[in-house]
$ cat my_file_38.cif   # mmCIF, C-alpha atoms, pLDDT in the B column; chains and numbers go by the auth columns
data_input
#
loop_
_atom_site.group_PDB
_atom_site.id
_atom_site.type_symbol
_atom_site.label_atom_id
_atom_site.label_comp_id
_atom_site.label_asym_id
_atom_site.label_seq_id
_atom_site.Cartn_x
_atom_site.Cartn_y
_atom_site.Cartn_z
_atom_site.B_iso_or_equiv
_atom_site.auth_seq_id
_atom_site.auth_asym_id
ATOM 1 C CA MET A 1 -11.419 -29.306 4.886 52.00 262 G
ATOM 2 C CA ASN A 2 -11.686 -26.351 2.587 77.00 263 G
ATOM 3 C CA ASP A 3 -11.291 -23.504 5.051 88.00 264 G
ATOM 4 C CA PRO A 4 -11.561 -20.152 3.237 89.00 265 G
ATOM 5 C CA ARG A 5 -9.176 -18.755 5.804 92.00 266 G
ATOM 6 C CA ASP A 6 -6.429 -20.816 4.212 92.00 267 G
ATOM 7 C CA GLU A 7 -6.408 -18.125 1.571 94.00 268 G
ATOM 8 C CA LEU A 8 -5.271 -15.491 4.080 95.00 269 G
ATOM 9 C CA VAL A 9 -1.651 -16.525 3.882 94.00 270 G
ATOM 10 C CA THR A 10 -1.545 -15.897 0.158 95.00 271 G
ATOM 11 C CA HIS A 11 -2.327 -12.218 0.726 96.00 272 G
ATOM 12 C CA LEU A 12 0.364 -11.638 3.313 97.00 273 G
ATOM 13 C CA PRO A 13 3.021 -10.402 0.874 96.00 274 G
ATOM 14 C CA ALA A 14 0.626 -7.875 -0.636 96.00 275 G
ATOM 15 C CA MET A 15 -0.585 -6.820 2.800 97.00 276 G
ATOM 16 C CA ARG A 16 2.979 -6.114 3.801 96.00 277 G
ATOM 17 C CA ALA A 17 3.627 -4.071 0.692 95.00 278 G
ATOM 18 C CA PHE A 18 0.434 -2.087 1.176 96.00 279 G
ATOM 19 C CA ALA A 19 1.185 -1.566 4.868 95.00 280 G
ATOM 20 C CA LEU A 20 4.633 -0.352 3.968 93.00 281 G
ATOM 21 C CA SER A 21 3.238 2.205 1.587 93.00 282 G
ATOM 22 C CA LEU A 22 1.025 3.520 4.368 93.00 283 G
ATOM 23 C CA ALA A 23 3.318 3.304 7.356 91.00 284 G
ATOM 24 C CA ARG A 24 6.527 4.083 5.436 85.00 285 G
ATOM 25 C CA ASN A 25 8.484 2.095 7.980 86.00 286 G
ATOM 26 C CA GLY A 26 9.120 -1.615 7.882 89.00 287 G
ATOM 27 C CA ALA A 27 8.635 -2.328 11.571 91.00 288 G
ATOM 28 C CA ALA A 28 5.490 -0.235 11.827 92.00 289 G
ATOM 29 C CA ALA A 29 4.193 -1.834 8.648 94.00 290 G
ATOM 30 C CA ASP A 30 4.604 -5.341 9.998 94.00 291 G
ATOM 31 C CA ASP A 31 2.913 -4.401 13.254 95.00 292 G
ATOM 32 C CA LEU A 32 0.090 -3.062 11.170 96.00 293 G
ATOM 33 C CA VAL A 33 -0.149 -6.297 9.218 97.00 294 G
ATOM 34 C CA GLN A 34 -0.187 -8.253 12.448 97.00 295 G
ATOM 35 C CA ASP A 35 -3.028 -6.181 13.919 97.00 296 G
ATOM 36 C CA ALA A 36 -4.983 -6.401 10.696 97.00 297 G
ATOM 37 C CA LEU A 37 -4.478 -10.137 10.497 97.00 298 G
ATOM 38 C CA VAL A 38 -5.813 -10.694 14.005 96.00 299 G
ATOM 39 C CA LYS A 39 -8.816 -8.505 13.221 97.00 300 G
ATOM 40 C CA ALA A 40 -9.426 -10.313 9.972 97.00 301 G
ATOM 41 C CA TRP A 41 -9.296 -13.664 11.685 96.00 302 G
ATOM 42 C CA SER A 42 -11.616 -12.750 14.505 94.00 303 G
ATOM 43 C CA ASN A 43 -14.068 -11.039 12.165 96.00 304 G
ATOM 44 C CA PHE A 44 -13.846 -13.553 9.417 95.00 305 G
ATOM 45 C CA ASP A 45 -17.603 -14.044 9.354 95.00 306 G
ATOM 46 C CA SER A 46 -17.879 -10.506 7.965 95.00 307 G
ATOM 47 C CA PHE A 47 -16.049 -11.646 4.856 96.00 308 G
ATOM 48 C CA GLN A 48 -18.460 -12.521 2.097 94.00 309 G
ATOM 49 C CA PRO A 49 -17.348 -15.642 0.257 92.00 310 G
ATOM 50 C CA GLY A 50 -16.899 -15.060 -3.414 91.00 311 G
ATOM 51 C CA THR A 51 -15.865 -11.452 -2.964 94.00 312 G
ATOM 52 C CA ASN A 52 -12.334 -10.149 -3.219 95.00 313 G
ATOM 53 C CA MET A 53 -10.497 -11.220 -0.088 97.00 314 G
ATOM 54 C CA ARG A 54 -7.556 -8.963 -0.777 97.00 315 G
ATOM 55 C CA ALA A 55 -9.832 -5.936 -0.940 97.00 316 G
ATOM 56 C CA TRP A 56 -11.436 -6.995 2.312 97.00 317 G
ATOM 57 C CA LEU A 57 -8.048 -7.424 3.992 98.00 318 G
ATOM 58 C CA PHE A 58 -6.758 -4.131 2.656 98.00 319 G
ATOM 59 C CA THR A 59 -9.844 -2.402 4.000 97.00 320 G
ATOM 60 C CA ILE A 60 -9.169 -3.802 7.450 98.00 321 G
ATOM 61 C CA LEU A 61 -5.536 -2.857 7.171 97.00 322 G
ATOM 62 C CA ARG A 62 -6.113 0.734 6.162 96.00 323 G
ATOM 63 C CA ASN A 63 -8.808 1.165 8.828 96.00 324 G
ATOM 64 C CA THR A 64 -6.337 -0.149 11.380 96.00 325 G
ATOM 65 C CA TYR A 65 -3.728 2.274 10.139 95.00 326 G
ATOM 66 C CA TYR A 66 -6.018 5.265 10.291 93.00 327 G
ATOM 67 C CA SER A 67 -7.360 4.500 13.722 91.00 328 G
ATOM 68 C CA LEU A 68 -3.805 4.266 15.045 85.00 329 G
ATOM 69 C CA HIS A 69 -2.668 7.231 13.067 78.00 330 G
ATOM 70 C CA ARG A 70 -5.410 9.562 14.182 75.00 331 G
ATOM 71 C CA LYS A 71 -4.781 8.751 17.787 60.00 332 G
ATOM 72 C CA ARG A 72 -1.257 9.961 17.709 54.00 333 G
ATOM 73 C CA ARG A 73 -1.575 12.783 15.246 50.00 334 G
ATOM 74 C CA ARG A 74 1.696 12.649 13.458 47.00 335 G
ATOM 75 C CA GLU A 75 3.732 15.452 12.041 46.00 336 G
ATOM 76 C CA VAL A 76 4.380 14.838 8.372 49.00 337 G
ATOM 77 C CA GLU A 77 1.105 15.954 6.866 48.00 338 G
ATOM 78 C CA ASP A 78 2.130 18.655 4.471 45.00 339 G
ATOM 79 C CA PRO A 79 -1.007 19.795 2.697 44.00 340 G
ATOM 80 C CA ASP A 80 0.491 23.026 1.451 42.00 341 G
ATOM 81 C CA GLY A 81 3.560 21.417 0.046 43.00 342 G
ATOM 82 C CA VAL A 82 5.872 23.569 2.131 41.00 343 G
ATOM 83 C CA MET A 83 8.308 20.800 2.812 41.00 344 G
ATOM 84 C CA ALA A 84 7.752 19.451 -0.640 40.00 345 G
ATOM 85 C CA GLY A 85 9.271 22.451 -2.341 39.00 346 G
ATOM 86 C CA GLN A 86 12.396 22.217 -0.276 38.00 347 G
ATOM 87 C CA LEU A 87 12.883 18.552 -0.898 40.00 348 G
ATOM 88 C CA SER A 88 12.357 18.634 -4.588 41.00 349 G
ATOM 89 C CA VAL A 89 14.913 16.678 -6.561 43.00 350 G
ATOM 90 C CA LYS A 90 15.956 16.346 -10.161 46.00 351 G
ATOM 91 C CA PRO A 91 16.465 13.177 -12.133 48.00 352 G
ATOM 92 C CA SER A 92 20.081 12.180 -12.378 47.00 353 G
ATOM 93 C CA HIS A 93 22.112 12.975 -15.470 48.00 354 G
ATOM 94 C CA ASP A 94 21.338 9.778 -17.306 46.00 355 G
ATOM 95 C CA GLY A 95 17.635 10.370 -16.965 44.00 356 G
ATOM 96 C CA SER A 96 17.122 7.487 -14.621 48.00 357 G
ATOM 97 C CA LEU A 97 15.496 8.258 -11.380 54.00 358 G
ATOM 98 C CA ALA A 98 17.398 7.337 -8.289 60.00 359 G
ATOM 99 C CA MET A 99 15.522 5.147 -5.874 61.00 360 G
ATOM 100 C CA ARG A 100 15.967 7.650 -3.130 66.00 361 G
ATOM 101 C CA ASP A 101 14.377 10.384 -5.158 77.00 362 G
ATOM 102 C CA PHE A 102 11.354 8.289 -5.843 81.00 363 G
ATOM 103 C CA GLN A 103 11.171 7.081 -2.295 77.00 364 G
ATOM 104 C CA GLY A 104 11.530 10.581 -0.918 83.00 365 G
ATOM 105 C CA ALA A 105 8.822 11.913 -3.171 90.00 366 G
ATOM 106 C CA PHE A 106 6.451 9.054 -2.488 92.00 367 G
ATOM 107 C CA ALA A 107 6.889 9.415 1.252 90.00 368 G
ATOM 108 C CA GLN A 108 5.880 13.042 1.018 92.00 369 G
ATOM 109 C CA LEU A 109 2.499 12.323 -0.437 94.00 370 G
ATOM 110 C CA SER A 110 -0.395 12.519 1.970 93.00 371 G
ATOM 111 C CA ASP A 111 -1.801 9.337 3.490 93.00 372 G
ATOM 112 C CA GLU A 112 -4.764 9.530 1.159 95.00 373 G
ATOM 113 C CA GLN A 113 -2.601 10.030 -1.897 95.00 374 G
ATOM 114 C CA ARG A 114 -0.236 7.183 -1.071 95.00 375 G
ATOM 115 C CA GLU A 115 -3.174 4.959 -0.395 96.00 376 G
ATOM 116 C CA ALA A 116 -5.051 5.807 -3.578 96.00 377 G
ATOM 117 C CA LEU A 117 -1.981 5.529 -5.753 95.00 378 G
ATOM 118 C CA THR A 118 -0.973 2.214 -4.235 96.00 379 G
ATOM 119 C CA LEU A 119 -4.419 0.705 -4.559 97.00 380 G
ATOM 120 C CA VAL A 120 -5.080 1.884 -8.092 95.00 381 G
ATOM 121 C CA GLY A 121 -1.654 2.432 -9.596 92.00 382 G
ATOM 122 C CA ALA A 122 0.299 -0.360 -7.971 93.00 383 G
ATOM 123 C CA GLU A 123 -2.117 -3.037 -6.848 94.00 384 G
ATOM 124 C CA GLY A 124 -4.424 -2.566 -9.806 93.00 385 G
ATOM 125 C CA PHE A 125 -7.766 -2.187 -8.074 96.00 386 G
ATOM 126 C CA SER A 126 -10.394 -0.358 -10.073 97.00 387 G
ATOM 127 C CA TYR A 127 -11.376 3.136 -8.974 97.00 388 G
ATOM 128 C CA GLU A 128 -14.684 1.674 -7.873 97.00 389 G
ATOM 129 C CA GLU A 129 -13.052 -0.977 -5.742 97.00 390 G
ATOM 130 C CA ALA A 130 -10.653 1.529 -4.222 97.00 391 G
ATOM 131 C CA ALA A 131 -13.502 3.919 -3.476 97.00 392 G
ATOM 132 C CA GLU A 132 -15.371 1.200 -1.677 96.00 393 G
ATOM 133 C CA MET A 133 -12.315 0.269 0.335 96.00 394 G
ATOM 134 C CA CYS A 134 -11.641 3.869 1.290 96.00 395 G
ATOM 135 C CA GLU A 135 -15.304 4.622 1.881 94.00 396 G
ATOM 136 C CA CYS A 136 -15.313 7.598 -0.402 96.00 397 G
ATOM 137 C CA ALA A 137 -16.673 8.587 -3.789 97.00 398 G
ATOM 138 C CA VAL A 138 -15.175 7.223 -6.982 97.00 399 G
ATOM 139 C CA GLY A 139 -14.418 10.785 -8.048 97.00 400 G
ATOM 140 C CA THR A 140 -12.477 11.317 -4.847 97.00 401 G
ATOM 141 C CA ILE A 141 -10.242 8.352 -5.586 97.00 402 G
ATOM 142 C CA LYS A 142 -9.707 9.572 -9.115 96.00 403 G
ATOM 143 C CA SER A 143 -8.702 13.020 -7.999 96.00 404 G
ATOM 144 C CA ARG A 144 -6.457 11.609 -5.272 96.00 405 G
ATOM 145 C CA THR A 145 -4.607 9.405 -7.714 95.00 406 G
ATOM 146 C CA ASN A 146 -4.317 12.197 -10.239 93.00 407 G
ATOM 147 C CA ARG A 147 -3.055 14.624 -7.643 94.00 408 G
ATOM 148 C CA ALA A 148 -0.677 12.014 -6.313 95.00 409 G
ATOM 149 C CA ARG A 149 0.848 11.416 -9.735 93.00 410 G
ATOM 150 C CA LYS A 150 1.063 15.118 -10.371 92.00 411 G
ATOM 151 C CA ARG A 151 2.665 15.739 -7.017 93.00 412 G
ATOM 152 C CA LEU A 152 5.176 12.951 -7.535 91.00 413 G
ATOM 153 C CA ALA A 153 6.147 14.450 -10.854 89.00 414 G
ATOM 154 C CA GLU A 154 6.491 17.878 -9.270 89.00 415 G
ATOM 155 C CA LEU A 155 8.525 16.592 -6.374 88.00 416 G
ATOM 156 C CA MET A 156 10.885 14.845 -8.716 83.00 417 G
ATOM 157 C CA GLY A 157 11.155 17.806 -10.999 81.00 418 G
ATOM 158 C CA LEU A 158 9.749 15.883 -13.937 78.00 419 G
ATOM 159 C CA ASP A 159 7.654 17.164 -16.732 71.00 420 G
ATOM 160 C CA GLU A 160 5.833 15.339 -19.446 61.00 421 G
ATOM 161 C CA ASP A 161 8.655 15.280 -21.931 58.00 422 G
ATOM 162 C CA GLU A 162 11.066 13.570 -19.650 56.00 423 G
ATOM 163 C CA THR A 163 11.191 9.880 -19.095 58.00 424 G
ATOM 164 C CA PHE A 164 12.483 8.179 -16.073 59.00 425 G
ATOM 165 C CA GLU A 165 12.914 4.776 -14.656 60.00 426 G
ATOM 166 C CA VAL A 166 13.507 3.698 -11.142 61.00 427 G
ATOM 167 C CA THR A 167 16.935 2.241 -10.879 56.00 428 G
ATOM 168 C CA ASP A 168 17.359 -0.923 -8.972 52.00 429 G
ATOM 169 C CA GLY A 169 18.191 -0.933 -5.309 48.00 430 G
ATOM 170 C CA LYS A 170 16.721 -1.668 -1.972 46.00 431 G
ATOM 171 C CA THR A 171 13.158 -1.642 -3.030 50.00 432 G
ATOM 172 C CA MET A 172 11.617 -2.180 0.353 48.00 433 G
ATOM 173 C CA ALA A 173 13.299 1.017 1.403 53.00 434 G
ATOM 174 C CA VAL A 174 11.476 2.943 -1.250 55.00 435 G
ATOM 175 C CA LEU A 175 8.020 2.259 0.009 56.00 436 G
ATOM 176 C CA SER A 176 9.158 2.775 3.549 56.00 437 G
ATOM 177 C CA GLY A 177 10.548 6.156 2.641 57.00 438 G
ATOM 178 C CA LYS A 178 13.865 5.398 4.215 53.00 439 G
ATOM 179 C CA PRO A 179 17.295 5.602 2.698 52.00 440 G
ATOM 180 C CA ALA A 180 18.395 2.267 1.337 48.00 441 G
ATOM 181 C CA ALA A 181 21.653 2.199 3.201 45.00 442 G
ATOM 182 C CA MET B 1 -9.449 -0.794 -16.107 45.00 204 T
ATOM 183 C CA SER B 2 -11.411 1.888 -17.851 44.00 205 T
ATOM 184 C CA ASP B 3 -9.533 4.945 -16.682 52.00 206 T
ATOM 185 C CA LYS B 4 -5.955 4.719 -17.790 51.00 207 T
ATOM 186 C CA PRO B 5 -3.414 7.339 -16.854 48.00 208 T
ATOM 187 C CA LYS B 6 -3.720 10.200 -19.271 59.00 209 T
ATOM 188 C CA ASN B 7 -0.182 10.747 -20.367 79.00 210 T
ATOM 189 C CA ARG B 8 3.163 9.091 -20.675 82.00 211 T
ATOM 190 C CA LEU B 9 4.497 10.577 -17.472 84.00 212 T
ATOM 191 C CA ASP B 10 1.581 9.212 -15.486 84.00 213 T
ATOM 192 C CA GLU B 11 2.051 5.843 -17.107 82.00 214 T
ATOM 193 C CA GLN B 12 5.679 5.865 -16.152 81.00 215 T
ATOM 194 C CA ILE B 13 4.953 6.857 -12.611 86.00 216 T
ATOM 195 C CA ASP B 14 2.541 3.963 -12.310 85.00 217 T
ATOM 196 C CA GLU B 15 4.957 1.617 -13.984 83.00 218 T
ATOM 197 C CA ASN B 16 7.720 2.469 -11.577 83.00 219 T
ATOM 198 C CA LEU B 17 5.374 2.375 -8.646 89.00 220 T
ATOM 199 C CA ARG B 18 4.180 -1.066 -9.712 88.00 221 T
ATOM 200 C CA ARG B 19 7.707 -2.298 -10.027 84.00 222 T
ATOM 201 C CA VAL B 20 8.577 -1.040 -6.569 86.00 223 T
ATOM 202 C CA TYR B 21 5.382 -2.438 -5.126 91.00 224 T
ATOM 203 C CA GLN B 22 5.765 -5.817 -6.776 89.00 225 T
ATOM 204 C CA THR B 23 9.282 -6.129 -5.485 85.00 226 T
ATOM 205 C CA ALA B 24 8.107 -5.287 -1.987 89.00 227 T
ATOM 206 C CA ALA B 25 5.292 -7.787 -2.361 92.00 228 T
ATOM 207 C CA SER B 26 7.693 -10.498 -3.399 92.00 229 T
ATOM 208 C CA GLU B 27 9.726 -10.218 -0.222 90.00 230 T
ATOM 209 C CA PRO B 28 9.603 -13.411 1.809 93.00 231 T
ATOM 210 C CA VAL B 29 7.028 -13.228 4.574 94.00 232 T
ATOM 211 C CA PRO B 30 8.589 -13.378 8.047 95.00 233 T
ATOM 212 C CA ASP B 31 7.780 -16.448 10.121 96.00 234 T
ATOM 213 C CA ARG B 32 5.973 -14.358 12.708 96.00 235 T
ATOM 214 C CA PHE B 33 2.975 -14.146 10.398 96.00 236 T
ATOM 215 C CA THR B 34 2.642 -17.795 9.566 94.00 237 T
ATOM 216 C CA GLN B 35 3.150 -18.519 13.255 95.00 238 T
ATOM 217 C CA LEU B 36 0.465 -16.007 14.126 96.00 239 T
ATOM 218 C CA LEU B 37 -1.983 -17.688 11.764 95.00 240 T
ATOM 219 C CA GLU B 38 -1.113 -21.016 13.287 94.00 241 T
ATOM 220 C CA GLN B 39 -1.728 -19.647 16.780 94.00 242 T
ATOM 221 C CA LEU B 40 -5.051 -18.166 15.765 94.00 243 T
ATOM 222 C CA ARG B 41 -6.122 -21.448 14.286 93.00 244 T
ATOM 223 C CA GLN B 42 -5.099 -23.387 17.355 92.00 245 T
ATOM 224 C CA SER B 43 -6.698 -21.066 19.861 88.00 246 T
ATOM 225 C CA GLU B 44 -9.880 -21.381 17.888 78.00 247 T
ATOM 226 C CA GLY B 45 -9.761 -25.135 17.941 69.00 248 T
ATOM 227 C CA GLU B 46 -10.224 -24.894 21.697 66.00 249 T
ATOM 228 C CA LYS B 47 -13.718 -23.523 21.384 56.00 250 T
ATOM 229 C CA PRO B 48 -16.489 -25.098 19.320 52.00 251 T
ATOM 230 C CA ASN B 49 -16.942 -22.529 16.596 50.00 252 T
ATOM 231 C CA ASN B 50 -17.349 -24.379 13.363 50.00 253 T
ATOM 232 C CA GLU B 51 -20.995 -24.365 12.456 49.00 254 T
ATOM 233 C CA ALA B 52 -20.532 -26.862 9.685 47.00 255 T
ATOM 234 C CA GLY B 53 -17.491 -28.390 11.274 43.00 256 T
ATOM 235 C CA ALA B 54 -18.794 -31.861 12.046 40.00 257 T
#
$ encode --input "my_file_38.cif" --output "structure tokens"
Amino acid sequence: MNDPRDELVTHLPAMRAFALSLARNGAAADDLVQDALVKAWSNFDSFQPGTNMRAWLFTILRNTYYSLHRKRRREVEDPDGVMAGQLSVKPSHDGSLAMRDFQGAFAQLSDEQREALTLVGAEGFSYEEAAEMCECAVGTIKSRTNRARKRLAELMGLDEDETFEVTDGKTMAVLSGKPAA
Amino acid sequence: MSDKPKNRLDEQIDENLRRVYQTAASEPVPDRFTQLLEQLRQSEGEKPNNEAGA
């Protein structure tokens, strides 16, 4: 009766959101979720009951993403921030941050930064959990999240005295890094 | 969590990120995924795999 795999379905929405933050494209994200789901199912005996299933699923998902991603070495890595400088935007006059600005900035973060920020900042995993999922040191996750926040602020032309708030809109588009319209 | 963002800007970035993420995570899941799970379950039923199944 009580199949632990029944729990899988409850993590699908979060898996899609996480995949979107990695793949930055809705179709690619859903393909990623599908691949990860099949892997999770067929390797379900590697899941340890009583541990965090979402963390386990996210680990599979990000490993799937990176193995695909490394194969077809994509363009947008921008370690020196060359593109970043050009695409920098300012908050709008009322101090609220347009969705597109946030989405554009987020999409420019490196894979590792988007991942770390999503896991820790958005999903609420601890640094320790995120480090385990990303197979790196806790300090690495901390510095990735800190750099990611700093870079986001830079990209959006924000400094500490300014406040901003994402205005409503097509939210899925934000994580996918695509214009809402 | 022990390590909170250090300043107000960081907090706001996380807050906005969370809002965006939560909205994305509250999108309805397309049928293809529930169908996929159903398929996986069925294809497994064809082979005797449940150690404690009986």
$ atom_distance --input "my_file_38.cif" --atom1 "atom CA of Arg405 of chain G" --atom2 "atom CA of Leu318 of chain G"
21.2 Å
$ closest_atom_pairs --input "my_file_38.cif" --of "chain T" --to "chain G" --cutoff "6 Å" --atoms "all atoms listed in the file" --output "JSON lines"
{"residue": "T:Leu212", "atom": "CA", "partner": "G:Glu421", "partner_atom": "CA", "distance": 5.3}
{"residue": "T:Asp217", "atom": "CA", "partner": "G:Gly382", "partner_atom": "CA", "distance": 5.2}
{"residue": "T:Asn219", "atom": "CA", "partner": "G:Val427", "partner_atom": "CA", "distance": 5.9}
{"residue": "T:Leu220", "atom": "CA", "partner": "G:Ala383", "partner_atom": "CA", "distance": 5.8}
{"residue": "T:Arg221", "atom": "CA", "partner": "G:Ala383", "partner_atom": "CA", "distance": 4.3}
{"residue": "T:Val223", "atom": "CA", "partner": "G:Thr432", "partner_atom": "CA", "distance": 5.8}
{"residue": "T:Ala227", "atom": "CA", "partner": "G:Met433", "partner_atom": "CA", "distance": 5.2}
{"residue": "T:Ala228", "atom": "CA", "partner": "G:Pro274", "partner_atom": "CA", "distance": 4.7}
$ closest_residue --input "my_file_38.cif" --among "G:Ala392, G:Asp296, G:Leu380, G:Arg323" --to "Tyr224 of chain T" --atoms "only C-alpha atoms"
G:Leu380
$ atom_distance --input "my_file_38.cif" --atom1 "atom CA of Leu370 of chain G" --atom2 "atom CA of Arg285 of chain G"
10.9 Å
$ atom_distance --input "my_file_38.cif" --atom1 "atom CA of Glu415 of chain G" --atom2 "atom CA of Met394 of chain G"
27.5 Å
$ axis_aligned_box --input "my_file_38.cif" --around "segment 268-280 of chain G" --padding-each-side "5 Å" --output "AutoDock Vina command-line options"
--center_x -1.4 --center_y -9.8 --center_z 2.1 --size_x 20.0 --size_y 26.6 --size_z 15.5
$ closest_residue --input "my_file_38.cif" --among "G:Leu416, G:Thr320, G:Glu373, G:Ala284" --to "Glu390 of chain G" --atoms "all atoms listed in the file"
G:Thr320
$ closest_residue --input "my_file_38.cif" --among "G:Ser328, G:Asn313, G:Gln374, G:Asn304" --to "Ser404 of chain G" --atoms "all atoms listed in the file"
G:Gln374
$ residues_around --input "my_file_38.cif" --residues "Tyr326 of chain G" --least-positions-apart "3" --cutoff "8 Å" --atoms "all atoms listed in the file" --output "list in words"
Leu283, Ala284, Leu293, Leu322, Arg323, Leu329 and His330 of chain G
$ closest_residue --input "my_file_38.cif" --among "G:Ala391, G:Ala377, G:Ala398, G:Ala366" --to "Gly418 of chain G" --atoms "all atoms listed in the file"
G:Ala366
